[in-house]
Amino acid sequence: MPAANHDILIEQGATFRLELAWKIDGAAVDLTGYGARMQVRGDAASESAMLSLTSSGGGGIVLGGAGGTISVTASAAQTAALVGRSGVYDLELESPGAEVTRLVQGHVEISPQVTR
């Protein structure tokens, strides 16, 4: 199954939240034991990530087990550090058996912070 395309807007200097649910044929996928990672880069070939989030160690992604939910959060400090006006991202899930699924991908628009 190919990744869903979903473009996002990140407001620089504000907390960013993205709530997702993984369902197949209307049924939630049990994410118990899964790991997740998400990166934002200027473009797919960029050497370094502008933002990197993970489900391990309080890295900004929380997986909802049997409910199939995925909660992504980047702090105001993390978004304030973003440079540029646009980029790309994807979110990958890794099963307990090490199978990697790219769940969602898309373009990122960064809205510059005015109040600092």
# chains A, B, ... in the order shown; residues from 1 in each chain; ligands from 1

$ residues_around --residues "Ser95 (chain A)" --least-positions-apart "2" --cutoff "7 Å" --atoms "only C-alpha atoms" --output "tab-separated table (two decimals) with all heavy atoms, in the first residue's frame"
chain	number	residue	atom	x	y	z
A	33	GLY	N	4.13	-2.35	20.10
A	33	GLY	CA	5.46	-2.83	19.75
A	33	GLY	C	6.09	-2.13	18.56
A	33	GLY	O	7.24	-2.39	18.22
A	34	TYR	N	5.36	-1.25	17.91
A	34	TYR	CA	5.88	-0.52	16.75
A	34	TYR	C	6.76	0.64	17.21
A	34	TYR	O	6.64	1.13	18.34
A	34	TYR	CB	4.73	0.07	15.93
A	34	TYR	CG	4.14	-0.84	14.88
A	34	TYR	CD1	3.39	-1.95	15.26
A	34	TYR	CD2	4.31	-0.59	13.53
A	34	TYR	CE1	2.83	-2.79	14.30
A	34	TYR	CE2	3.75	-1.42	12.56
A	34	TYR	CZ	3.02	-2.52	12.96
A	34	TYR	OH	2.46	-3.34	12.02
A	35	GLY	N	7.59	1.10	16.31
A	35	GLY	CA	8.34	2.34	16.47
A	35	GLY	C	7.98	3.27	15.33
A	35	GLY	O	7.45	2.84	14.30
A	93	LEU	N	6.68	3.89	10.02
A	93	LEU	CA	6.42	3.01	11.16
A	93	LEU	C	7.21	1.73	10.97
A	93	LEU	O	7.31	1.22	9.84
A	93	LEU	CB	4.92	2.68	11.25
A	93	LEU	CG	4.01	3.87	11.50
A	93	LEU	CD1	2.56	3.45	11.37
A	93	LEU	CD2	4.27	4.47	12.87
A	97	GLY	N	8.61	-6.86	13.83
A	97	GLY	CA	9.40	-7.73	12.95
A	97	GLY	C	10.31	-6.99	12.01
A	97	GLY	O	10.84	-7.55	11.06
A	98	ALA	N	10.50	-5.67	12.23
A	98	ALA	CA	11.39	-4.80	11.46
A	98	ALA	C	10.89	-4.48	10.06
A	98	ALA	O	11.67	-4.04	9.21
A	98	ALA	CB	12.82	-5.36	11.42
A	99	GLU	N	9.60	-4.65	9.78
A	99	GLU	CA	9.03	-4.24	8.50
A	99	GLU	C	8.71	-2.75	8.58
A	99	GLU	O	8.02	-2.30	9.49
A	99	GLU	CB	7.76	-5.02	8.20
A	99	GLU	CG	7.15	-4.67	6.85
A	99	GLU	CD	5.92	-5.50	6.53
A	99	GLU	OE1	5.88	-6.69	6.88
A	99	GLU	OE2	5.00	-4.93	5.92
A	100	VAL	N	9.22	-1.97	7.62
A	100	VAL	CA	9.04	-0.53	7.61
A	100	VAL	C	7.94	-0.15	6.63
A	100	VAL	O	7.96	-0.59	5.47
A	100	VAL	CB	10.35	0.21	7.26
A	100	VAL	CG1	10.13	1.71	7.14
A	100	VAL	CG2	11.43	-0.10	8.29

$ select_by_dssp --residues "chain A" --states "alpha helix (DSSP H)" --output "list in words"
Ala76, Ala77, Gln78, Thr79 and Ala80 of chain A

$ residues_around --residues "Gly26 (chain A)" --least-positions-apart "5" --cutoff "12 Å" --atoms "only C-alpha atoms" --output "list in words"
Ala21, Gly67 and Gly68 of chain A

$ select_by_dssp --residues "region 44-109 of chain A" --states "strand (DSSP E or B)" --output "PyMOL selection string"
chain A and resi 51-54+60-63+69-74+86-94+100-109

$ write_last_selection --atoms "N, CA, C and O atoms" --output "tab-separated table (two decimals), in the first residue's frame"
chain	number	residue	atom	x	y	z
A	51	LEU	N	14.10	18.87	10.97
A	51	LEU	CA	13.35	18.43	12.15
A	51	LEU	C	13.33	16.92	12.12
A	51	LEU	O	13.07	16.31	11.07
A	52	SER	N	13.62	16.31	13.25
A	52	SER	CA	13.63	14.86	13.36
A	52	SER	C	12.89	14.45	14.63
A	52	SER	O	13.26	14.90	15.72
A	53	LEU	N	11.86	13.63	14.48
A	53	LEU	CA	11.05	13.18	15.61
A	53	LEU	C	11.02	11.66	15.62
A	53	LEU	O	11.13	11.02	14.58
A	54	THR	N	10.85	11.07	16.81
A	54	THR	CA	10.82	9.63	16.94
A	54	THR	C	9.89	9.24	18.08
A	54	THR	O	9.53	10.07	18.91
A	60	GLY	N	8.77	12.96	20.59
A	60	GLY	CA	7.75	13.73	19.91
A	60	GLY	C	6.66	12.93	19.22
A	60	GLY	O	5.67	13.50	18.77
A	61	ILE	N	6.81	11.61	19.14
A	61	ILE	CA	5.77	10.77	18.53
A	61	ILE	C	5.27	9.78	19.58
A	61	ILE	O	6.07	9.08	20.20
A	62	VAL	N	3.94	9.72	19.74
A	62	VAL	CA	3.33	8.77	20.67
A	62	VAL	C	2.39	7.88	19.87
A	62	VAL	O	1.51	8.38	19.16
A	63	LEU	N	2.59	6.57	20.00
A	63	LEU	CA	1.75	5.60	19.30
A	63	LEU	C	0.68	5.07	20.25
A	63	LEU	O	0.96	4.80	21.42
A	69	THR	N	-3.61	4.92	16.76
A	69	THR	CA	-3.41	6.37	16.67
A	69	THR	C	-1.93	6.74	16.73
A	69	THR	O	-1.12	6.04	17.33
A	70	ILE	N	-1.63	7.86	16.10
A	70	ILE	CA	-0.27	8.39	16.06
A	70	ILE	C	-0.37	9.88	16.35
A	70	ILE	O	-1.06	10.62	15.64
A	71	SER	N	0.31	10.31	17.40
A	71	SER	CA	0.31	11.72	17.79
A	71	SER	C	1.72	12.28	17.62
A	71	SER	O	2.67	11.78	18.24
A	72	VAL	N	1.85	13.28	16.76
A	72	VAL	CA	3.15	13.90	16.47
A	72	VAL	C	3.14	15.31	17.05
A	72	VAL	O	2.22	16.08	16.78
A	73	THR	N	4.17	15.63	17.82
A	73	THR	CA	4.27	16.97	18.41
A	73	THR	C	5.71	17.48	18.30
A	73	THR	O	6.65	16.76	18.64
A	74	ALA	N	5.85	18.71	17.81
A	74	ALA	CA	7.14	19.40	17.80
A	74	ALA	C	6.96	20.65	18.67
A	74	ALA	O	5.98	21.38	18.52
A	86	SER	N	10.03	26.06	2.98
A	86	SER	CA	9.33	24.85	2.56
A	86	SER	C	10.25	23.64	2.67
A	86	SER	O	11.46	23.78	2.87
A	87	GLY	N	9.66	22.48	2.54
A	87	GLY	CA	10.42	21.25	2.59
A	87	GLY	C	9.52	20.07	2.29
A	87	GLY	O	8.41	20.23	1.78
A	88	VAL	N	10.02	18.89	2.62
A	88	VAL	CA	9.28	17.65	2.45
A	88	VAL	C	9.41	16.84	3.73
A	88	VAL	O	10.33	17.05	4.53
A	89	TYR	N	8.47	15.91	3.93
A	89	TYR	CA	8.53	15.06	5.12
A	89	TYR	C	7.97	13.69	4.78
A	89	TYR	O	7.28	13.49	3.78
A	90	ASP	N	8.28	12.73	5.63
A	90	ASP	CA	7.55	11.48	5.65
A	90	ASP	C	7.55	10.93	7.06
A	90	ASP	O	8.33	11.35	7.91
A	91	LEU	N	6.60	10.03	7.30
A	91	LEU	CA	6.44	9.37	8.60
A	91	LEU	C	6.49	7.88	8.35
A	91	LEU	O	5.70	7.36	7.53
A	92	GLU	N	7.43	7.20	9.00
A	92	GLU	CA	7.59	5.77	8.84
A	92	GLU	C	7.29	5.05	10.15
A	92	GLU	O	7.61	5.55	11.22
A	93	LEU	N	6.68	3.89	10.02
A	93	LEU	CA	6.42	3.01	11.16
A	93	LEU	C	7.21	1.73	10.97
A	93	LEU	O	7.31	1.22	9.84
A	94	GLU	N	7.77	1.21	12.06
A	94	GLU	CA	8.52	-0.04	12.00
A	94	GLU	C	7.86	-1.05	12.93
A	94	GLU	O	7.72	-0.82	14.12
A	100	VAL	N	9.22	-1.97	7.62
A	100	VAL	CA	9.04	-0.53	7.61
A	100	VAL	C	7.94	-0.15	6.63
A	100	VAL	O	7.96	-0.59	5.47
A	101	THR	N	7.01	0.67	7.10
A	101	THR	CA	5.91	1.18	6.27
A	101	THR	C	5.97	2.69	6.27
A	101	THR	O	5.96	3.31	7.34
A	102	ARG	N	6.06	3.29	5.10
A	102	ARG	CA	5.94	4.74	5.00
A	102	ARG	C	4.45	5.02	4.96
A	102	ARG	O	3.77	4.74	3.99
A	103	LEU	N	3.93	5.58	6.06
A	103	LEU	CA	2.49	5.77	6.19
A	103	LEU	C	2.00	7.01	5.47
A	103	LEU	O	0.97	6.99	4.80
A	104	VAL	N	2.73	8.12	5.62
A	104	VAL	CA	2.29	9.39	5.05
A	104	VAL	C	3.51	10.20	4.63
A	104	VAL	O	4.59	10.07	5.22
A	105	GLN	N	3.32	11.04	3.61
A	105	GLN	CA	4.40	11.88	3.10
A	105	GLN	C	3.79	13.13	2.49
A	105	GLN	O	2.59	13.16	2.20
A	106	GLY	N	4.61	14.15	2.29
A	106	GLY	CA	4.09	15.33	1.61
A	106	GLY	C	5.03	16.51	1.70
A	106	GLY	O	6.18	16.40	2.12
A	107	HIS	N	4.50	17.64	1.29
A	107	HIS	CA	5.24	18.90	1.33
A	107	HIS	C	4.96	19.62	2.64
A	107	HIS	O	3.89	19.46	3.23
A	108	VAL	N	5.93	20.40	3.06
A	108	VAL	CA	5.83	21.20	4.28
A	108	VAL	C	5.97	22.66	3.90
A	108	VAL	O	6.92	23.04	3.20
A	109	GLU	N	5.03	23.46	4.34
A	109	GLU	CA	5.15	24.92	4.22
A	109	GLU	C	5.48	25.43	5.61
A	109	GLU	O	4.84	25.04	6.59

$ closest_residue --among "A:Pro96, A:Gly84, A:Gly65, A:Pro112" --to "Leu31 (chain A)" --atoms "only C-alpha atoms"
A:Gly65

$ atom_distance --atom1 "CA of Gly13 (chain A)" --atom2 "CA of Ala81 (chain A)"
7.7 Å

$ closest_residue --among "A:Met38, A:Ala77, A:Ala66, A:Met50" --to "Lys23 (chain A)" --atoms "only C-alpha atoms"
A:Ala66

$ closest_residue --among "A:Ser48, A:Ser75, A:Ser56, A:Ser111" --to "Leu9 (chain A)" --atoms "only C-alpha atoms"
A:Ser111

$ closest_residue --among "A:Ile110, A:Ala27, A:Leu82, A:Leu18" --to "Ala49 (chain A)" --atoms "only C-alpha atoms"
A:Leu82

$ closest_residue --among "A:Met1, A:Ile8, A:Arg116, A:Ala80" --to "Val40 (chain A)" --atoms "only C-alpha atoms"
A:Ile8

$ atom_distance --atom1 "CA of Thr115 (chain A)" --atom2 "CA of Val83 (chain A)"
15.8 Å

$ atom_distance --atom1 "CA of Gly57 (chain A)" --atom2 "CA of Asp30 (chain A)"
20.4 Å

$ closest_residue --among "A:Val29, A:Gln113, A:Glu19, A:Ser46" --to "Thr79 (chain A)" --atoms "only C-alpha atoms"
A:Gln113

$ residues_around --residues "Ala76 (chain A)" --least-positions-apart "5" --cutoff "10 Å" --atoms "only C-alpha atoms" --output "PyMOL selection string"
chain A and resi 11-16+81
